[in-house]
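*Asks:* Handing over data_6.txt, compact mmCIF, C-alpha atoms.
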# COMPACT_ATOMS: atom_id res chain seq x y z
CA MET A 1 123.74 140.89 37.33
CA ALA A 2 121.04 140.34 39.88
CA GLU A 3 122.23 139.48 43.33
CA MET A 4 121.48 135.90 44.26
CA GLN A 5 119.10 135.60 47.18
CA THR A 6 119.71 132.94 49.81
CA SER A 7 117.16 131.54 52.19
CA PRO A 8 117.73 132.19 55.87
CA PRO A 9 119.17 129.14 57.69
CA ILE A 10 116.66 126.81 59.30
CA LEU A 11 117.17 126.78 63.04
CA ARG A 12 116.78 123.36 64.68
CA ARG A 13 114.57 123.41 67.70
CA PRO A 14 116.74 122.66 70.72
CA GLY A 15 115.85 119.36 72.33
CA ARG A 16 116.85 117.50 75.43
CA PRO A 17 120.63 116.98 75.54
CA THR A 18 121.70 113.42 74.73
CA LEU A 19 122.45 111.50 77.91
CA SER A 20 125.89 110.08 78.57
CA ASP A 21 126.29 106.32 78.34
CA GLU A 22 126.58 106.11 82.14
CA GLN A 23 123.29 107.98 82.59
CA LEU A 24 121.52 105.73 80.08
CA LEU A 25 122.82 102.60 81.83
CA ASP A 26 121.71 103.88 85.24
CA ILE A 27 118.18 104.61 83.96
CA ALA A 28 118.00 101.21 82.27
CA LEU A 29 119.20 99.41 85.39
CA ASP A 30 116.57 101.12 87.56
CA LEU A 31 113.87 99.83 85.22
CA PHE A 32 115.37 96.34 85.03
CA LEU A 33 115.58 96.19 88.83
CA GLU A 34 112.00 97.40 89.24
CA HIS A 35 110.30 95.33 86.54
CA GLY A 36 112.73 92.54 85.67
CA PHE A 37 114.40 91.86 82.34
CA GLU A 38 111.41 90.38 80.51
CA ARG A 39 108.93 93.09 81.51
CA THR A 40 111.24 96.00 80.70
CA SER A 41 110.99 97.15 77.09
CA ILE A 42 113.28 99.32 75.01
CA ASP A 43 110.30 101.66 74.60
CA ALA A 44 110.11 102.11 78.37
CA ILE A 45 113.86 102.75 78.59
CA THR A 46 113.89 105.30 75.77
CA ALA A 47 110.86 107.06 77.26
CA ALA A 48 112.50 107.28 80.67
CA ALA A 49 115.77 108.46 79.15
CA GLY A 50 114.15 110.89 76.72
CA MET A 51 116.11 109.36 73.86
CA ALA A 52 115.16 108.08 70.43
CA LYS A 53 115.30 104.34 69.82
CA ARG A 54 117.84 104.80 67.05
CA THR A 55 120.18 106.56 69.50
CA VAL A 56 119.98 103.64 71.95
CA TYR A 57 120.40 101.05 69.19
CA ALA A 58 123.42 102.94 67.90
CA ARG A 59 125.06 102.21 71.24
CA TYR A 60 123.66 98.74 71.99
CA ALA A 61 122.57 96.12 69.50
CA ASP A 62 119.55 94.97 71.50
CA LYS A 63 117.95 94.92 74.94
CA GLU A 64 120.13 92.04 76.11
CA ALA A 65 123.32 93.93 75.28
CA LEU A 66 122.00 96.99 77.12
CA PHE A 67 121.06 94.84 80.12
CA LYS A 68 124.49 93.21 80.32
CA ALA A 69 126.24 96.58 80.13
CA ALA A 70 123.97 98.07 82.81
CA LEU A 71 124.52 95.09 85.11
CA ALA A 72 128.29 95.16 84.59
CA ARG A 73 128.39 98.87 85.48
CA ALA A 74 126.30 98.26 88.61
CA ILE A 75 128.51 95.38 89.78
CA ASP A 76 131.65 97.44 89.21
CA GLU A 77 130.26 100.28 91.34
CA TRP A 78 128.77 98.03 94.02
CA MET A 79 131.60 95.59 94.79
CA VAL A 80 133.93 96.25 97.74
CA PRO A 81 137.31 97.42 96.39
CA VAL A 82 140.22 95.16 97.31
CA ALA A 83 142.05 98.21 98.70
CA ARG A 84 139.32 98.55 101.36
CA LEU A 85 139.62 94.89 102.29
CA ARG A 86 143.39 95.15 102.53
CA ALA A 87 143.09 98.24 104.74
CA ALA A 88 141.21 96.11 107.30
CA GLU A 89 144.24 93.89 107.94
CA VAL A 90 145.64 94.04 111.47
CA ASP A 91 148.12 91.89 113.39
CA ASP A 92 145.32 89.76 114.85
CA LEU A 93 144.15 87.61 111.91
CA GLU A 94 140.80 86.78 113.51
CA LYS A 95 139.99 90.48 113.97
CA ALA A 96 141.08 91.18 110.41
CA LEU A 97 138.87 88.43 108.99
CA LEU A 98 135.96 89.61 111.13
CA ALA A 99 136.28 93.15 109.74
CA ILE A 100 136.55 91.83 106.17
CA ALA A 101 133.52 89.56 106.65
CA GLN A 102 131.46 92.42 108.06
CA MET A 103 132.28 94.60 105.04
CA LEU A 104 131.36 91.86 102.57
CA LEU A 105 128.11 91.00 104.34
CA THR A 106 127.05 94.63 104.74
CA ASN A 107 127.59 95.07 101.02
CA ILE A 108 125.74 91.98 99.80
CA LEU A 109 122.83 92.49 102.23
CA SER A 110 122.34 96.16 101.30
CA PRO A 111 119.21 96.96 99.24
CA ALA A 112 121.36 97.50 96.14
CA GLY A 113 123.25 94.25 96.72
CA LEU A 114 120.10 92.18 97.16
CA ARG A 115 118.42 93.73 94.11
CA LEU A 116 121.45 92.90 91.97
CA LEU A 117 121.61 89.38 93.38
CA ARG A 118 117.92 88.72 92.71
CA LEU A 119 118.06 90.20 89.22
CA SER A 120 121.13 88.22 88.17
CA ASN A 121 119.67 85.03 89.69
CA ALA A 122 116.43 85.55 87.75
CA VAL A 123 118.15 85.67 84.36
CA SER A 124 121.00 83.23 85.01
CA VAL A 125 119.08 80.31 83.47
CA SER A 126 118.27 82.06 80.20
CA MET A 127 121.58 83.94 80.18
CA PRO A 128 124.17 81.74 81.93
CA GLU A 129 126.93 84.09 80.87
CA ILE A 130 125.50 86.60 83.37
CA ALA A 131 126.42 84.30 86.27
CA ALA A 132 129.91 83.83 84.80
CA ALA A 133 130.33 87.59 84.40
CA ASN A 134 129.14 88.21 87.97
CA THR A 135 131.71 85.73 89.27
CA ARG A 136 134.48 87.21 87.16
CA MET A 137 133.75 90.83 88.09
CA GLY A 138 132.28 90.61 91.57
CA THR A 139 133.79 87.51 93.18
CA GLU A 140 137.16 86.70 91.63
CA PRO A 141 138.97 89.86 92.83
CA THR A 142 137.81 89.14 96.40
CA LEU A 143 138.79 85.48 96.11
CA ASP A 144 142.23 86.38 94.81
CA TYR A 145 142.78 88.83 97.66
CA LEU A 146 141.67 86.30 100.31
CA ALA A 147 143.86 83.60 98.79
CA ASP A 148 146.84 85.94 98.98
CA LEU A 149 145.98 86.82 102.59
CA PHE A 150 145.79 83.16 103.58
CA ARG A 151 149.10 82.39 101.86
CA ARG A 152 150.75 85.18 103.80
CA ARG A 153 149.16 84.72 107.19
CA LEU A 154 147.51 81.33 107.59
CA LEU A 155 148.83 78.46 105.50
CA PRO A 156 152.21 76.72 105.83
CA ALA A 157 154.87 78.00 103.45
CA ASP A 158 154.97 74.66 101.65
CA ALA A 159 151.17 74.40 101.19
CA PRO A 160 150.11 73.45 97.63
CA ALA A 161 149.16 76.47 95.53
CA PRO A 162 145.46 75.50 95.09
CA GLU A 163 144.98 75.26 98.86
CA ALA A 164 144.89 79.04 99.34
CA GLN A 165 142.23 79.42 96.64
CA GLU A 166 140.17 76.62 98.21
CA ALA A 167 140.45 78.28 101.62
CA ALA A 168 139.30 81.59 100.14
CA LEU A 169 136.30 79.94 98.50
CA ALA A 170 135.42 78.12 101.73
CA PHE A 171 135.59 81.39 103.67
CA LEU A 172 133.24 83.17 101.25
CA HIS A 173 130.76 80.28 101.17
CA LEU A 174 130.76 79.89 104.94
CA VAL A 175 130.62 83.54 105.98
CA VAL A 176 128.86 85.31 103.11
CA GLY A 177 127.14 82.72 100.94
CA GLY A 178 124.60 81.45 103.47
CA PRO A 179 123.09 84.80 104.50
CA ALA A 180 123.18 86.09 100.90
CA SER A 181 121.27 83.09 99.54
CA THR A 182 118.73 83.19 102.36
CA ALA A 183 118.20 86.94 102.07
CA ALA A 184 117.73 86.64 98.31
CA TRP A 185 114.63 84.56 99.08
CA GLY A 186 113.23 87.39 101.19
CA VAL A 187 114.30 86.33 104.69
CA ALA A 188 115.30 89.38 106.73
CA PHE A 189 118.10 89.37 109.30
CA ASP A 190 118.47 91.77 112.20
CA ASP A 191 121.86 93.26 113.02
CA ASP A 192 122.40 91.02 116.06
CA SER A 193 121.79 87.87 114.03
CA ILE A 194 124.26 88.97 111.38
CA ASP A 195 126.86 89.84 114.00
CA ARG A 196 126.49 86.45 115.74
CA HIS A 197 126.68 84.61 112.43
CA THR A 198 129.77 86.52 111.33
CA ARG A 199 131.68 86.02 114.58
CA TYR A 200 130.79 82.34 114.80
CA CYS A 201 131.71 81.59 111.18
CA VAL A 202 135.05 83.40 111.35
CA ARG A 203 135.94 81.41 114.50
CA LEU A 204 134.72 78.21 112.84
CA PHE A 205 136.83 78.88 109.77
CA LEU A 206 139.99 79.53 111.79
CA HIS A 207 139.62 77.04 114.66
CA GLY A 208 137.01 74.46 113.69
CA ALA A 209 134.05 73.37 115.80
CA LEU A 210 136.01 71.99 118.75
CA PRO A 211 135.54 73.73 122.11
CA ALA A 212 138.39 75.98 123.16
CA GLN A 213 139.65 73.56 125.81
CA ASP A 214 139.83 70.73 123.26
CA ARG A 215 141.71 72.96 120.86
CA GLY A 216 144.18 73.66 123.66
CA LEU A 217 144.71 69.93 124.22
CA ILE A 218 145.31 69.36 120.52
CA GLU A 219 147.78 72.24 120.34
CA ARG A 220 149.68 70.92 123.35
CA GLU A 221 149.76 67.42 121.83
CA ASN A 222 151.03 68.86 118.56
CA ARG A 223 153.81 70.67 120.42
CA ARG A 224 154.74 67.46 122.26
CA LEU A 225 154.86 65.46 119.03
CA ARG A 226 156.95 68.13 117.31
CA ALA A 227 159.40 68.10 120.22
CA GLN A 228 159.65 64.31 120.01
CA ALA A 229 160.20 64.50 116.28
CA ALA A 230 163.00 67.01 116.84
CA GLU A 231 164.64 64.71 119.39
CA VAL A 232 164.43 61.74 117.00
CA ALA A 233 165.94 63.89 114.24
CA GLU A 234 168.86 64.79 116.53
CA VAL A 235 169.46 61.10 117.35
CA LEU A 236 169.39 60.20 113.65
CA ASP A 237 171.82 63.01 112.84
CA SER A 238 174.14 61.77 115.57
CA LEU A 239 174.00 58.18 114.27
CA ASN A 240 174.64 59.33 110.71
CA LYS A 241 177.66 61.31 111.88
CA LYS A 242 179.05 58.28 113.71
CA LEU A 243 178.53 56.09 110.66
CA ARG A 244 180.32 58.61 108.46
CA ASP A 245 183.21 58.88 110.96
CA GLY A 246 183.44 55.10 111.15
CA ILE A 247 183.73 54.89 107.40
In structure tokens, how does this file's structure come out?
*Replies:*
Amino acid sequence: MAEMQTSPPILRRPGRPTLSDEQLLDIALDLFLEHGFERTSIDAITAAAGMAKRTVYARYADKEALFKAALARAIDEWMVPVARLRAAEVDDLEKALLAIAQMLLTNILSPAGLRLLRLSNAVSVSMPEIAAANTRMGTEPTLDYLADLFRRRLLPADAPAPEAQEAALAFLHLVVGGPASTAAWGVAFDDDSIDRHTRYCVRLFLHGALPAQDRGLIERENRRLRAQAAEVAEVLDSLNKKLRDGI
């Protein structure tokens, strides 16, 4: 019986290794940041990544899904970890808040922070879920940490639960929100301006706009009123005791 002949195996020409998902998202984000969402095509992304369209579509249903995933990855890498904020806490609350504010502002005003802010702002009308996702991923962890800090170190023990969250939101709007919004429109700040703004806003948040001497008067008046209230409470206790003894 004749020996059956087999054809030699066909060797596939080695190509460029398939990129990891993280590498694809980084390449896509660079293009989205440079050209915007509308002007960035899947063709441009696949060309930059050296990948076939079918490979990209196997991972992401469309350009919008790819954009959202790239933005989510960028936000996750860019945001200041809560552990870093917590590490800035010291006994002096004003110094702690100043250090925290400086970290947050340095982060949002960095080139990467401003590019992300402008990109997400540009698409927030057509994709409102982007703004919601940014808040959930980039803002809520910071808000929750600040609310916890204010419960522990600033607010009275019997303060209503929502008050700490409101204080955290006010702090972010006052210290970070203004410069971030202004810078997103292209206004540049020098380091001295940022430092002055940060110090002033932290003081304003903690002490209000009253001059120091007026704050001292108010504090002394509060102490006097508390002392009077304590004296009245003692008198009332004494009267109650006498009434009970009389009965």
*Asks:* Excluding Leu104 of chain A and its own-chain neighbours fewer than 5 positions away, which residues fall within 12 Å of it when counting only C-alpha atoms? Please give them as a list in words.
*Replies:*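 Skipping anything fewer than 5 positions along the chain leaves Trp78, Met79, Val80, Pro81, Val82, Arg84, Leu85, Ala88, Leu97, Leu98, Ala99, Leu109, Ser110, Gly113, Gly138, Thr139, Thr142, Leu143, Leu146, Phe171, Leu172, His173, Val175, Val176, Gly177, Pro179, Ala180, Ile194 and Thr198 of chain A.
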*Asks:* Taking all atoms listed in the file into account, name the residue in A:Ile130, A:Ala184, A:Ile45, A:Val90 that is nearest to Leu149 of chain A.
*Replies:* A:Val90
*Asks:* So which one's closest to Leu71 of chain A, A:Asp158, A:Asp191, A:Asp30, A:Asp92? Using all atoms listed in the file, please.
*Replies:*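 Using all atoms listed in the file, Leu71 of chain A sits closest to A:Asp30.
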*Asks:* May I ask which of the residues A:Lys241, A:Leu29, A:Arg136, A:Thr106 is the closest one to Asp190 of chain A, counting only C-alpha atoms?
*Replies:* A:Thr106
*Asks:* Figure out the distance between atom CA of Ala69 of chain A and atom CA of Ile42 of chain A, please, to one decimal in Å.
*Replies:*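 Taking atom CA of Ile42 of chain A and atom CA of Ala69 of chain A, their separation equals 14.2 Å.
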*Asks:* Rounded to one decimal place, report the atom CA of Leu105 of chain A-atom CA of Glu129 of chain A distance in Å.
*Replies:* 24.5 Å
*Asks:* Around (134.3, 79.0, 106.6) in the file's frame, which residues reach within 9 Å when counting all atoms listed in the file? Return as a PyMOL selection string?
*Replies:* chain A and resi 167-175+201-206+208
*Asks:* Would you save the residues from that selection as a CSV table (one decimal), in the coordinates of the input, using C-alpha atoms?
*Replies:*
chain,number,residue,atom,x,y,z
A,167,ALA,CA,140.4,78.3,101.6
A,168,ALA,CA,139.3,81.6,100.1
A,169,LEU,CA,136.3,79.9,98.5
A,170,ALA,CA,135.4,78.1,101.7
A,171,PHE,CA,135.6,81.4,103.7
A,172,LEU,CA,133.2,83.2,101.2
A,173,HIS,CA,130.8,80.3,101.2
A,174,LEU,CA,130.8,79.9,104.9
A,175,VAL,CA,130.6,83.5,106.0
A,201,CYS,CA,131.7,81.6,111.2
A,202,VAL,CA,135.0,83.4,111.4
A,203,ARG,CA,135.9,81.4,114.5
A,204,LEU,CA,134.7,78.2,112.8
A,205,PHE,CA,136.8,78.9,109.8
A,206,LEU,CA,140.0,79.5,111.8
A,208,GLY,CA,137.0,74.5,113.7
*Asks:* Which residue out of A:Glu140, A:Pro160, A:Ala101, A:Pro111 has the minimum interatomic distance to Tyr200 of chain A when all atoms listed in the file are used?
*Replies:*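 Looking at the shortest contact to Tyr200 of chain A, the residue is A:Ala101.
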*Asks:* Work out how far apart atom CA of Thr18 of chain A and atom CA of Ala49 of chain A are and give it in Å to one decimal.
*Replies:*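 Going from atom CA of Thr18 of chain A over to atom CA of Ala49 of chain A, I get 8.9 Å.
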*Asks:* Which residue out of A:Arg86, A:His35, A:Arg59, A:Arg115 has the minimum interatomic distance to Ala74 of chain A when all atoms listed in the file are used?
*Replies:*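 Closest candidate: A:Arg115.
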*Asks:* Considering all atoms listed in the file, state which residue in the set A:Arg199, A:Ala122, A:Lys68, A:Glu77 is at the smallest distance from Trp185 of chain A.
*Replies:* A:Ala122
*Asks:* Starting from the incomplete input, reconstruct N, CA and C atoms of segment 140-173 of chain A and write that as a PDB file, keeping the file's coordinate frame.
*Replies:*
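Contents of out20.pdb, freshly written:
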ATOM      1  N   GLU A 140     135.759  87.099  91.819  1.00  0.00           N
ATOM      2  CA  GLU A 140     137.160  86.700  91.630  1.00  0.00           C
ATOM      3  C   GLU A 140     138.170  87.653  92.259  1.00  0.00           C
ATOM      4  N   PRO A 141     137.998  88.984  92.169  1.00  0.00           N
ATOM      5  CA  PRO A 141     138.970  89.860  92.830  1.00  0.00           C
ATOM      6  C   PRO A 141     139.021  89.634  94.342  1.00  0.00           C
ATOM      7  N   THR A 142     137.850  89.404  94.954  1.00  0.00           N
ATOM      8  CA  THR A 142     137.810  89.140  96.400  1.00  0.00           C
ATOM      9  C   THR A 142     138.461  87.802  96.713  1.00  0.00           C
ATOM     10  N   LEU A 143     138.176  86.787  95.908  1.00  0.00           N
ATOM     11  CA  LEU A 143     138.790  85.480  96.110  1.00  0.00           C
ATOM     12  C   LEU A 143     140.311  85.553  95.996  1.00  0.00           C
ATOM     13  N   ASP A 144     140.780  86.265  94.994  1.00  0.00           N
ATOM     14  CA  ASP A 144     142.230  86.380  94.810  1.00  0.00           C
ATOM     15  C   ASP A 144     142.889  87.090  95.991  1.00  0.00           C
ATOM     16  N   TYR A 145     142.220  88.125  96.502  1.00  0.00           N
ATOM     17  CA  TYR A 145     142.780  88.830  97.660  1.00  0.00           C
ATOM     18  C   TYR A 145     142.817  87.896  98.878  1.00  0.00           C
ATOM     19  N   LEU A 146     141.710  87.194  99.147  1.00  0.00           N
ATOM     20  CA  LEU A 146     141.670  86.300 100.310  1.00  0.00           C
ATOM     21  C   LEU A 146     142.707  85.186 100.184  1.00  0.00           C
ATOM     22  N   ALA A 147     142.863  84.639  98.985  1.00  0.00           N
ATOM     23  CA  ALA A 147     143.860  83.600  98.790  1.00  0.00           C
ATOM     24  C   ALA A 147     145.264  84.123  99.106  1.00  0.00           C
ATOM     25  N   ASP A 148     145.545  85.339  98.675  1.00  0.00           N
ATOM     26  CA  ASP A 148     146.840  85.940  98.980  1.00  0.00           C
ATOM     27  C   ASP A 148     147.007  86.168 100.487  1.00  0.00           C
ATOM     28  N   LEU A 149     145.937  86.616 101.138  1.00  0.00           N
ATOM     29  CA  LEU A 149     145.980  86.820 102.590  1.00  0.00           C
ATOM     30  C   LEU A 149     146.265  85.516 103.315  1.00  0.00           C
ATOM     31  N   PHE A 150     145.599  84.439 102.905  1.00  0.00           N
ATOM     32  CA  PHE A 150     145.790  83.160 103.580  1.00  0.00           C
ATOM     33  C   PHE A 150     147.180  82.578 103.315  1.00  0.00           C
ATOM     34  N   ARG A 151     147.720  82.833 102.118  1.00  0.00           N
ATOM     35  CA  ARG A 151     149.100  82.390 101.860  1.00  0.00           C
ATOM     36  C   ARG A 151     150.068  83.099 102.790  1.00  0.00           C
ATOM     37  N   ARG A 152     149.833  84.381 102.992  1.00  0.00           N
ATOM     38  CA  ARG A 152     150.750  85.180 103.800  1.00  0.00           C
ATOM     39  C   ARG A 152     150.613  84.919 105.287  1.00  0.00           C
ATOM     40  N   ARG A 153     149.389  84.647 105.748  1.00  0.00           N
ATOM     41  CA  ARG A 153     149.160  84.720 107.190  1.00  0.00           C
ATOM     42  C   ARG A 153     148.591  83.450 107.817  1.00  0.00           C
ATOM     43  N   LEU A 154     148.215  82.477 107.006  1.00  0.00           N
ATOM     44  CA  LEU A 154     147.510  81.330 107.590  1.00  0.00           C
ATOM     45  C   LEU A 154     148.131  79.992 107.226  1.00  0.00           C
ATOM     46  N   LEU A 155     148.402  79.777 105.961  1.00  0.00           N
ATOM     47  CA  LEU A 155     148.830  78.460 105.500  1.00  0.00           C
ATOM     48  C   LEU A 155     150.331  78.254 105.662  1.00  0.00           C
ATOM     49  N   PRO A 156     150.771  76.993 105.785  1.00  0.00           N
ATOM     50  CA  PRO A 156     152.210  76.720 105.830  1.00  0.00           C
ATOM     51  C   PRO A 156     152.877  77.184 104.527  1.00  0.00           C
ATOM     52  N   ALA A 157     154.143  77.500 104.623  1.00  0.00           N
ATOM     53  CA  ALA A 157     154.870  78.000 103.450  1.00  0.00           C
ATOM     54  C   ALA A 157     154.913  76.987 102.322  1.00  0.00           C
ATOM     55  N   ASP A 158     154.879  75.695 102.679  1.00  0.00           N
ATOM     56  CA  ASP A 158     154.970  74.660 101.650  1.00  0.00           C
ATOM     57  C   ASP A 158     153.604  74.134 101.227  1.00  0.00           C
ATOM     58  N   ALA A 159     152.515  74.854 101.566  1.00  0.00           N
ATOM     59  CA  ALA A 159     151.170  74.400 101.190  1.00  0.00           C
ATOM     60  C   ALA A 159     151.024  74.426  99.672  1.00  0.00           C
ATOM     61  N   PRO A 160     150.337  73.445  99.086  1.00  0.00           N
ATOM     62  CA  PRO A 160     150.110  73.450  97.630  1.00  0.00           C
ATOM     63  C   PRO A 160     149.398  74.727  97.194  1.00  0.00           C
ATOM     64  N   ALA A 161     149.710  75.207  96.017  1.00  0.00           N
ATOM     65  CA  ALA A 161     149.160  76.470  95.530  1.00  0.00           C
ATOM     66  C   ALA A 161     147.626  76.504  95.545  1.00  0.00           C
ATOM     67  N   PRO A 162     146.930  75.428  95.113  1.00  0.00           N
ATOM     68  CA  PRO A 162     145.460  75.500  95.090  1.00  0.00           C
ATOM     69  C   PRO A 162     144.825  75.616  96.471  1.00  0.00           C
ATOM     70  N   GLU A 163     145.574  75.273  97.525  1.00  0.00           N
ATOM     71  CA  GLU A 163     144.980  75.260  98.860  1.00  0.00           C
ATOM     72  C   GLU A 163     144.521  76.642  99.303  1.00  0.00           C
ATOM     73  N   ALA A 164     145.279  77.682  98.955  1.00  0.00           N
ATOM     74  CA  ALA A 164     144.890  79.040  99.340  1.00  0.00           C
ATOM     75  C   ALA A 164     143.599  79.450  98.648  1.00  0.00           C
ATOM     76  N   GLN A 165     143.455  79.082  97.379  1.00  0.00           N
ATOM     77  CA  GLN A 165     142.230  79.420  96.640  1.00  0.00           C
ATOM     78  C   GLN A 165     141.041  78.656  97.228  1.00  0.00           C
ATOM     79  N   GLU A 166     141.243  77.397  97.592  1.00  0.00           N
ATOM     80  CA  GLU A 166     140.170  76.620  98.210  1.00  0.00           C
ATOM     81  C   GLU A 166     139.766  77.212  99.556  1.00  0.00           C
ATOM     82  N   ALA A 167     140.754  77.656 100.331  1.00  0.00           N
ATOM     83  CA  ALA A 167     140.450  78.280 101.620  1.00  0.00           C
ATOM     84  C   ALA A 167     139.664  79.562 101.431  1.00  0.00           C
ATOM     85  N   ALA A 168     140.027  80.346 100.419  1.00  0.00           N
ATOM     86  CA  ALA A 168     139.300  81.590 100.140  1.00  0.00           C
ATOM     87  C   ALA A 168     137.857  81.297  99.763  1.00  0.00           C
ATOM     88  N   LEU A 169     137.659  80.298  98.913  1.00  0.00           N
ATOM     89  CA  LEU A 169     136.300  79.940  98.500  1.00  0.00           C
ATOM     90  C   LEU A 169     135.491  79.431  99.685  1.00  0.00           C
ATOM     91  N   ALA A 170     136.117  78.617 100.540  1.00  0.00           N
ATOM     92  CA  ALA A 170     135.420  78.120 101.730  1.00  0.00           C
ATOM     93  C   ALA A 170     135.014  79.263 102.651  1.00  0.00           C
ATOM     94  N   PHE A 171     135.891  80.245 102.817  1.00  0.00           N
ATOM     95  CA  PHE A 171     135.590  81.390 103.670  1.00  0.00           C
ATOM     96  C   PHE A 171     134.375  82.156 103.131  1.00  0.00           C
ATOM     97  N   LEU A 172     134.367  82.426 101.832  1.00  0.00           N
ATOM     98  CA  LEU A 172     133.240  83.170 101.250  1.00  0.00           C
ATOM     99  C   LEU A 172     131.938  82.382 101.372  1.00  0.00           C
ATOM    100  N   HIS A 173     131.984  81.091 101.068  1.00  0.00           N
ATOM    101  CA  HIS A 173     130.760  80.280 101.170  1.00  0.00           C
ATOM    102  C   HIS A 173     130.250  80.233 102.605  1.00  0.00           C
TER     103      HIS A 173
END
